$ cat coords_7.tsv   # TSV, C-alpha atoms and all ligand atoms
chain	number	residue	atom	x	y	z
M	1325	MET	CA	0.51	-77.54	-9.29
M	1326	ALA	CA	1.06	-74.01	-10.47
M	1327	THR	CA	3.58	-71.36	-9.60
M	1328	HIS	CA	2.45	-68.10	-8.11
M	1329	PRO	CA	4.13	-64.97	-9.57
M	1330	GLY	CA	5.70	-64.37	-6.16
M	1331	GLY	CA	7.22	-67.83	-6.22
M	1332	LEU	CA	4.65	-69.45	-3.95
M	1333	THR	CA	3.50	-72.89	-5.03
M	1334	LEU	CA	-0.23	-73.43	-4.93
M	1335	ASP	CA	-2.10	-76.70	-4.92
M	1336	ASP	CA	-4.53	-77.11	-7.83
M	1337	SER	CA	-6.51	-79.81	-6.08
M	1338	THR	CA	-8.13	-77.37	-3.64
M	1339	GLY	CA	-10.09	-75.63	-6.41
M	1340	LEU	CA	-8.96	-72.40	-4.75
M	1341	ASP	CA	-5.87	-71.97	-6.87
M	1342	PRO	CA	-6.32	-68.61	-8.62
M	1343	VAL	CA	-7.17	-68.78	-12.29
M	1344	VAL	CA	-6.98	-65.00	-12.58
M	1345	ARG	CA	-4.03	-63.07	-11.23
M	1346	VAL	CA	-3.75	-59.36	-11.82
M	1347	ARG	CA	-0.91	-57.33	-10.36
M	1348	GLY	CA	-0.35	-53.62	-10.79
M	1349	LEU	CA	-2.74	-53.15	-13.69
M	1350	SER	CA	-3.15	-49.55	-14.82
M	1351	ARG	CA	-5.13	-48.07	-17.68
M	1352	ARG	CA	-5.24	-44.44	-18.68
M	1353	PHE	CA	-7.30	-42.76	-21.34
M	1354	GLY	CA	-5.59	-39.50	-22.24
M	1355	GLY	CA	-4.76	-37.91	-18.89
M	1356	ARG	CA	-7.42	-39.87	-17.02
M	1357	THR	CA	-6.46	-42.88	-14.88
M	1358	VAL	CA	-9.29	-45.44	-14.93
M	1359	LEU	CA	-7.45	-48.44	-13.46
M	1360	ASP	CA	-4.75	-47.54	-10.97
M	1361	ASP	CA	-2.19	-50.19	-10.05
M	1362	LEU	CA	-5.00	-52.68	-9.49
M	1363	ASP	CA	-4.54	-56.14	-7.95
M	1364	LEU	CA	-7.06	-58.98	-8.21
M	1365	GLU	CA	-7.18	-62.75	-7.82
M	1366	ILE	CA	-10.05	-65.07	-8.67
M	1367	GLY	CA	-10.00	-68.68	-7.57
M	1368	GLY	CA	-10.99	-71.63	-9.73
M	1369	ASN	CA	-14.78	-72.15	-9.59
M	1370	GLU	CA	-15.30	-68.85	-7.79
M	1371	PHE	CA	-18.29	-66.73	-8.87
M	1372	VAL	CA	-17.28	-63.10	-8.45
M	1373	ALA	CA	-19.45	-60.06	-9.15
M	1374	LEU	CA	-17.87	-56.70	-9.88
M	1375	LEU	CA	-19.85	-53.60	-8.94
M	1376	GLY	CA	-18.94	-49.97	-9.42
M	1377	ARG	CA	-20.48	-46.67	-10.35
M	1378	SER	CA	-21.04	-45.88	-13.98
M	1379	GLY	CA	-17.69	-44.99	-15.52
M	1380	SER	CA	-15.66	-46.59	-12.71
M	1381	GLY	CA	-13.85	-48.86	-15.16
M	1382	LYS	CA	-15.67	-52.21	-14.82
M	1383	SER	CA	-15.81	-52.84	-18.56
M	1384	THR	CA	-12.26	-51.59	-18.93
M	1385	LEU	CA	-11.09	-54.22	-16.42
M	1386	LEU	CA	-13.13	-56.97	-18.07
M	1387	ARG	CA	-11.78	-56.03	-21.50
M	1388	ALA	CA	-8.23	-56.17	-20.15
M	1389	LEU	CA	-8.87	-59.68	-18.75
M	1390	ALA	CA	-10.48	-60.77	-22.02
M	1391	GLY	CA	-7.40	-59.67	-23.95
M	1392	LEU	CA	-9.50	-57.13	-25.84
M	1393	ASP	CA	-7.44	-54.11	-24.82
M	1394	PRO	CA	-3.99	-54.02	-26.40
M	1395	ASP	CA	-3.09	-50.78	-24.61
M	1396	VAL	CA	-3.14	-51.79	-20.93
M	1397	ALA	CA	-0.03	-50.54	-19.19
M	1398	GLY	CA	2.98	-52.74	-19.80
M	1399	ASP	CA	4.18	-52.80	-16.20
M	1400	GLY	CA	1.08	-54.60	-14.96
M	1401	ARG	CA	0.68	-58.34	-15.01
M	1402	VAL	CA	-2.50	-60.08	-16.15
M	1403	GLU	CA	-2.72	-63.86	-16.05
M	1404	VAL	CA	-5.89	-65.56	-17.22
M	1405	PRO	CA	-6.52	-69.10	-18.47
M	1406	GLU	CA	-6.20	-69.61	-22.19
M	1407	ASN	CA	-9.60	-71.20	-22.25
M	1408	SER	CA	-11.75	-68.18	-21.32
M	1409	SER	CA	-15.10	-67.02	-22.68
M	1410	VAL	CA	-16.77	-63.65	-22.83
M	1411	ILE	CA	-20.44	-62.76	-22.88
M	1412	PHE	CA	-21.77	-59.22	-23.39
M	1413	GLN	CA	-25.03	-57.36	-22.95
M	1414	ASP	CA	-25.95	-58.04	-26.57
M	1415	ALA	CA	-25.83	-61.63	-27.79
M	1416	ARG	CA	-23.59	-60.83	-30.79
M	1417	LEU	CA	-24.81	-63.78	-32.85
M	1418	LEU	CA	-23.95	-64.04	-36.51
M	1419	PRO	CA	-27.27	-63.39	-38.30
M	1420	TRP	CA	-26.33	-65.53	-41.29
M	1421	GLN	CA	-25.63	-68.61	-39.18
M	1422	ARG	CA	-28.26	-70.82	-37.60
M	1423	VAL	CA	-28.47	-71.15	-33.83
M	1424	LEU	CA	-26.44	-74.36	-33.53
M	1425	ALA	CA	-23.74	-73.04	-35.89
M	1426	ASN	CA	-23.48	-69.93	-33.71
M	1427	VAL	CA	-22.99	-72.05	-30.61
M	1428	VAL	CA	-20.23	-74.23	-32.04
M	1429	LEU	CA	-18.55	-71.44	-34.00
M	1430	GLY	CA	-14.80	-71.89	-33.99
M	1431	LEU	CA	-14.97	-75.37	-32.47
M	1432	SER	CA	-13.82	-78.37	-34.38
M	1433	GLY	CA	-13.26	-82.03	-33.76
M	1434	PRO	CA	-15.52	-84.90	-32.89
M	1435	GLY	CA	-18.13	-84.13	-30.33
M	1436	ALA	CA	-18.36	-80.38	-31.03
M	1437	VAL	CA	-21.88	-80.58	-32.48
M	1438	GLN	CA	-22.97	-82.94	-29.71
M	1439	ARG	CA	-21.68	-80.51	-27.07
M	1440	GLY	CA	-23.49	-77.66	-28.83
M	1441	LEU	CA	-26.74	-79.62	-28.77
M	1442	GLU	CA	-26.28	-80.39	-25.08
M	1443	ARG	CA	-25.61	-76.75	-24.16
M	1444	LEU	CA	-28.66	-75.63	-26.17
M	1445	ALA	CA	-30.80	-78.16	-24.32
M	1446	GLU	CA	-29.40	-76.91	-21.00
M	1447	VAL	CA	-30.43	-73.32	-21.79
M	1448	GLY	CA	-33.93	-74.52	-22.75
M	1449	LEU	CA	-33.59	-74.23	-26.52
M	1450	ALA	CA	-33.78	-77.86	-27.60
M	1451	GLY	CA	-35.58	-77.96	-30.94
M	1452	ARG	CA	-34.47	-74.44	-31.95
M	1453	GLU	CA	-31.09	-75.50	-33.33
M	1454	ARG	CA	-31.98	-74.71	-36.93
M	1455	ALA	CA	-33.64	-71.36	-36.23
M	1456	TRP	CA	-32.02	-68.11	-37.41
M	1457	PRO	CA	-31.05	-65.62	-34.69
M	1458	ASN	CA	-33.67	-63.09	-35.82
M	1459	GLN	CA	-36.37	-65.70	-35.22
M	1460	LEU	CA	-35.54	-65.66	-31.49
M	1461	SER	CA	-36.51	-63.15	-28.80
M	1462	GLY	CA	-33.84	-61.06	-27.10
M	1463	GLY	CA	-33.87	-63.35	-24.07
M	1464	GLU	CA	-33.58	-66.45	-26.28
M	1465	GLN	CA	-30.68	-64.92	-28.17
M	1466	GLN	CA	-28.94	-64.30	-24.86
M	1467	ARG	CA	-29.53	-67.96	-23.97
M	1468	VAL	CA	-27.76	-68.91	-27.20
M	1469	ALA	CA	-24.88	-66.61	-26.23
M	1470	LEU	CA	-24.73	-68.34	-22.83
M	1471	ALA	CA	-24.70	-71.77	-24.50
M	1472	ARG	CA	-21.90	-70.58	-26.81
M	1473	SER	CA	-19.88	-69.18	-23.90
M	1474	LEU	CA	-19.92	-72.56	-22.12
M	1475	VAL	CA	-19.53	-74.95	-25.04
M	1476	SER	CA	-15.73	-74.98	-24.82
M	1477	GLU	CA	-15.87	-75.77	-21.06
M	1478	PRO	CA	-13.99	-72.54	-20.21
M	1479	ARG	CA	-12.05	-72.22	-16.96
M	1480	LEU	CA	-13.06	-68.55	-16.83
M	1481	LEU	CA	-16.28	-66.87	-17.91
M	1482	LEU	CA	-16.16	-63.08	-18.24
M	1483	ALA	CA	-19.63	-61.57	-18.35
M	1484	ASP	CA	-20.23	-57.86	-18.97
M	1485	GLU	CA	-23.78	-56.92	-17.93
M	1486	PRO	CA	-25.14	-60.02	-19.71
M	1487	PHE	CA	-28.70	-59.39	-18.51
M	1488	GLY	CA	-28.67	-55.60	-18.74
M	1489	ALA	CA	-30.90	-55.43	-21.81
M	1490	LEU	CA	-33.49	-57.95	-20.60
M	1491	ASP	CA	-36.82	-57.25	-18.91
M	1492	ALA	CA	-37.01	-57.84	-15.16
M	1493	LEU	CA	-38.82	-61.18	-15.35
M	1494	THR	CA	-36.48	-62.63	-17.99
M	1495	ARG	CA	-33.51	-61.37	-15.98
M	1496	ILE	CA	-34.62	-63.29	-12.88
M	1497	ARG	CA	-35.05	-66.47	-14.96
M	1498	MET	CA	-31.59	-65.96	-16.44
M	1499	HIS	CA	-30.11	-65.58	-12.95
M	1500	GLY	CA	-31.38	-69.02	-12.02
M	1501	LEU	CA	-30.13	-70.47	-15.29
M	1502	LEU	CA	-26.66	-68.95	-14.95
M	1503	ARG	CA	-26.27	-70.19	-11.37
M	1504	GLU	CA	-27.33	-73.69	-12.38
M	1505	LEU	CA	-25.03	-73.81	-15.41
M	1506	CYS	CA	-22.10	-72.53	-13.41
M	1507	ARG	CA	-22.68	-75.17	-10.74
M	1508	ARG	CA	-22.66	-77.82	-13.44
M	1509	HIS	CA	-19.70	-76.60	-15.51
M	1510	ARG	CA	-17.68	-74.95	-12.74
M	1511	PRO	CA	-15.96	-72.09	-14.56
M	1512	ALA	CA	-14.62	-69.21	-12.50
M	1513	VAL	CA	-16.89	-66.25	-13.25
M	1514	LEU	CA	-16.36	-62.51	-13.26
M	1515	LEU	CA	-19.74	-60.87	-13.67
M	1516	VAL	CA	-19.76	-57.12	-14.27
M	1517	THR	CA	-23.03	-55.60	-13.13
M	1518	HIS	CA	-24.44	-52.34	-11.84
M	1519	ASP	CA	-27.22	-54.25	-10.07
M	1520	VAL	CA	-26.48	-54.84	-6.38
M	1521	ASP	CA	-29.31	-57.37	-6.05
M	1522	GLU	CA	-27.98	-59.35	-8.99
M	1523	ALA	CA	-24.52	-59.39	-7.41
M	1524	VAL	CA	-25.78	-60.60	-4.00
M	1525	ALA	CA	-28.17	-63.12	-5.56
M	1526	LEU	CA	-25.52	-64.76	-7.74
M	1527	ALA	CA	-22.02	-64.30	-6.44
M	1528	ASP	CA	-19.82	-66.05	-3.86
M	1529	ARG	CA	-17.82	-62.86	-3.61
M	1530	VAL	CA	-18.59	-59.24	-4.50
M	1531	LEU	CA	-16.03	-56.60	-5.41
M	1532	VAL	CA	-16.50	-52.87	-5.70
M	1533	LEU	CA	-14.31	-50.91	-8.09
M	1534	ASP	CA	-13.74	-47.30	-7.14
M	1535	ALA	CA	-11.12	-44.75	-8.16
M	1536	GLY	CA	-9.25	-47.37	-10.14
M	1537	ARG	CA	-8.95	-50.03	-7.44
M	1538	ILE	CA	-10.91	-52.76	-5.70
M	1539	THR	CA	-12.11	-51.04	-2.53
M	1540	VAL	CA	-14.53	-53.70	-1.26
M	1541	ASP	CA	-14.01	-57.45	-1.42
M	1542	THR	CA	-16.66	-59.35	0.49
M	1543	ALA	CA	-17.72	-63.00	0.59
M	1544	ILE	CA	-21.48	-63.57	0.34
M	1545	GLU	CA	-22.59	-66.21	2.78
M	1546	LEU	CA	-26.28	-66.98	2.64
M	1547	PRO	CA	-28.01	-70.23	3.56
M	1548	GLY	CA	-29.79	-72.23	0.83
M	1549	PRO	CA	-31.52	-70.69	-2.18
M	1550	ARG	CA	-31.06	-66.94	-2.05
M	1551	GLN	CA	-34.10	-65.00	-0.91
M	1552	HIS	CA	-34.10	-61.28	-1.65
M	1553	ARG	CA	-36.02	-60.68	1.57
M	1554	HIS	CA	-33.65	-62.62	3.82
M	1555	PRO	CA	-32.31	-60.21	6.50
M	1556	ARG	CA	-28.70	-61.08	5.63
M	1557	PHE	CA	-29.40	-60.46	1.92
M	1558	LEU	CA	-30.71	-57.01	2.85
M	1559	GLU	CA	-27.66	-56.39	5.04
M	1560	TYR	CA	-25.26	-57.15	2.18
M	1561	ARG	CA	-27.37	-55.00	-0.10
M	1562	GLU	CA	-27.28	-52.01	2.27
M	1563	ARG	CA	-23.54	-52.33	2.82
M	1564	LEU	CA	-22.78	-52.54	-0.89
M	1565	LEU	CA	-25.11	-49.65	-1.72
M	1566	ALA	CA	-23.34	-47.58	0.95
M	1567	ALA	CA	-19.97	-48.53	-0.57
M	1568	LEU	CA	-21.29	-47.32	-3.91
M	1569	GLY	CA	-22.27	-44.04	-2.28
M	1570	VAL	CA	-26.01	-44.63	-2.48
M	1571	THR	CA	-27.86	-43.65	0.70
M	1572	THR	CA	-31.11	-45.37	1.63
M	1573	ASP	CA	-32.90	-42.04	1.22
M	1574	GLU	CA	-31.94	-41.84	-2.44
M	1575	GLY	CA	-34.63	-43.41	-4.52
M	1576	THR	CA	-37.23	-42.57	-1.90
M	1577	ILE	CA	-39.82	-40.32	-3.45
M	1578	PRO	CA	-41.05	-37.79	-0.89
M	1601	LIG	N1	-11.64	-46.36	-25.60
M	1601	LIG	C1	-11.79	-45.38	-24.70
M	1601	LIG	N2	-11.33	-44.14	-24.93
M	1601	LIG	C2	-11.45	-43.14	-24.03
M	1601	LIG	N3	-12.03	-43.31	-22.82
M	1601	LIG	C3	-12.53	-44.51	-22.53
M	1601	LIG	C4	-12.45	-45.62	-23.44
M	1601	LIG	N4	-13.02	-46.70	-22.86
M	1601	LIG	C5	-13.45	-46.30	-21.66
M	1601	LIG	N5	-13.16	-44.99	-21.44
M	1601	LIG	C6	-13.46	-44.21	-20.23
M	1601	LIG	O1	-13.06	-44.95	-19.11
M	1601	LIG	C7	-14.00	-44.80	-18.05
M	1601	LIG	C8	-14.46	-46.16	-17.60
M	1601	LIG	O2	-15.28	-46.76	-18.62
M	1601	LIG	P1	-15.93	-48.19	-18.44
M	1601	LIG	O3	-16.76	-48.45	-19.64
M	1601	LIG	O4	-14.87	-49.17	-18.09
M	1601	LIG	O5	-16.84	-47.95	-17.15
M	1601	LIG	P2	-17.96	-48.88	-16.52
M	1601	LIG	O6	-17.68	-48.94	-15.06
M	1601	LIG	O7	-18.03	-50.17	-17.24
M	1601	LIG	O8	-19.25	-47.99	-16.77
M	1601	LIG	P3	-20.81	-48.39	-17.02
M	1601	LIG	O9	-21.30	-49.02	-15.74
M	1601	LIG	O10	-21.45	-47.06	-17.27
M	1601	LIG	O11	-20.84	-49.32	-18.18
M	1601	LIG	C9	-15.11	-43.91	-18.60
M	1601	LIG	O12	-14.91	-42.61	-18.14
M	1601	LIG	C10	-14.94	-43.99	-20.08
M	1601	LIG	O13	-15.35	-42.78	-20.69

$ encode --input "coords_7.tsv" --output "structure tokens"
Amino acid sequence: MATHPGGLTLDDSTGLDPVVRVRGLSRRFGGRTVLDDLDLEIGGNEFVALLGRSGSGKSTLLRALAGLDPDVAGDGRVEVPENSSVIFQDARLLPWQRVLANVVLGLSGPGAVQRGLERLAEVGLAGRERAWPNQLSGGEQQRVALARSLVSEPRLLLADEPFGALDALTRIRMHGLLRELCRRHRPAVLLVTHDVDEAVALADRVLVLDAGRITVDTAIELPGPRQHRHPRFLEYRERLLAALGVTTDEGTIP
């Protein structure tokens, strides 16, 4: 059981008990308000994608949740699980440490190395444990970062455009891998992306951040493996693009 900030008692056993609770979060840079009294809840095991135009504050929100921004306004309330992980667009591996050492960095105790080996196998890098990061491709390095982000069995995974630097084919493979790993390890996920297709393909719920607040909050309900050409997929896509202010005509070359 856990206590809601408002005093409501929520039942952990449902898996719906929020692991992220944000109330009244504001962030200003100089005179500019980027996050404006924002509220957000993410349930345990929920996979949430956060869309927004460039500069709308997606990374600012993720950094606040990751505890990487010491200057978020004091009147807001941000509750996240202690055991959270972050993954960025660049893998951020230590070049002087081998792959396995990068994955288990900061972990101690019996079983840490074993867990690292298991995660590496899950991301398809069994046998590469002793390689140096610069011996891996960009996509492989990002697989290592994914293994590292899950090795501590986090309750919350914060991902900031983790596939943004990858080529289209690698990105699609990584989508499948992330979905599969999240099904297995069940963290709640907040995935920041500018890619509407990525959001609809991966998430249970998609948010749009605009003018400092969450303006769209929609569940994605699609049967079976997600097909980009499924009519409902296209419907979600159109609706989200419209919410982002993109008209269907944009991108059409006359
Ligand atoms: N440390 C900072 N100092 C000043 N302004 C900042 C700082 N960090 C972010 N900003 C501003 O806050 C706004 C939101 O930035 P943020 O990186 O959160 O947007 P974003 O939605 O993630 O954008 P993108 O999709 O382009 O990555 C931008 O206008 C940015 O210039």

$ atom_distance --input "coords_7.tsv" --atom1 "atom CA of M:Val1427" --atom2 "atom CA of M:Ala1469"
7.2 Å

$ atom_distance --input "coords_7.tsv" --atom1 "atom CA of M:Thr1494" --atom2 "atom O5 of ligand LIG 1601 (chain M)"
24.5 Å

$ residues_near_ligand --input "coords_7.tsv" --ligand "ligand LIG 1601 (chain M)" --cutoff "7 Å" --atoms "all atoms listed in the file" --output "MDAnalysis selection string"
chainID M and resid 1353 1358 1376:1385 1518

$ atom_distance --input "coords_7.tsv" --atom1 "atom CA of M:Thr1517" --atom2 "atom CA of M:Thr1539"
15.9 Å

$ residues_around --input "coords_7.tsv" --residues "M:Val1423" --least-positions-apart "4" --cutoff "12 Å" --atoms "only C-alpha atoms" --output "PyMOL selection string"
chain M and resi 1415-1419+1427-1429+1437+1440-1441+1443-1444+1449-1460+1464-1472

$ closest_residue --input "coords_7.tsv" --among "M:Glu1370, M:Val1346, M:Glu1365, M:Ala1436" --to "M:Arg1401" --atoms "all atoms listed in the file"
M:Val1346

$ closest_residue --input "coords_7.tsv" --among "M:Ala1425, M:Ala1445, M:Leu1481, M:Val1475" --to "M:Val1404" --atoms "all atoms listed in the file"
M:Leu1481

$ closest_residue --input "coords_7.tsv" --among "M:Leu1526, M:Leu1392, M:Leu1565, M:Ala1512" --to "M:Pro1342" --atoms "only C-alpha atoms"
M:Ala1512

$ closest_residue --input "coords_7.tsv" --among "M:Gly1400, M:Gly1462, M:Pro1478, M:Pro1549" --to "M:Arg1503" --atoms "all atoms listed in the file"
M:Pro1549

$ residues_near_point --input "coords_7.tsv" --point "(-11.8, -71.6, -25.0)" --cutoff "6 Å" --atoms "all atoms listed in the file" --output "MDAnalysis selection string"
chainID M and resid 1407:1408 1476 1478

$ closest_residue --input "coords_7.tsv" --among "M:Leu1374, M:Asp1395, M:Arg1347, M:Glu1446" --to "M:Glu1504" --atoms "only C-alpha atoms"
M:Glu1446

$ residues_around --input "coords_7.tsv" --residues "M:Pro1405" --least-positions-apart "3" --cutoff "12 Å" --atoms "all atoms listed in the file" --output "JSON, numbers by chain"
{"M": [1341, 1342, 1343, 1344, 1345, 1366, 1367, 1368, 1389, 1390, 1391, 1402, 1408, 1409, 1477, 1478, 1479, 1480, 1481, 1482, 1511, 1512, 1513]}

$ closest_residue --input "coords_7.tsv" --among "M:Leu1531, M:Leu1431, M:Ile1411, M:Leu1501" --to "M:Arg1563" --atoms "all atoms listed in the file"
M:Leu1531

$ residues_near_point --input "coords_7.tsv" --point "(1.4, -48.1, -11.1)" --cutoff "7 Å" --atoms "only C-alpha atoms" --output "list of chain:residue names"
M:Gly1348, M:Ser1350, M:Asp1360, M:Asp1361

$ residues_around --input "coords_7.tsv" --residues "M:Ile1538" --least-positions-apart "6" --cutoff "8 Å" --atoms "all atoms listed in the file" --output "PyMOL selection string"
chain M and resi 1362-1364+1531-1532
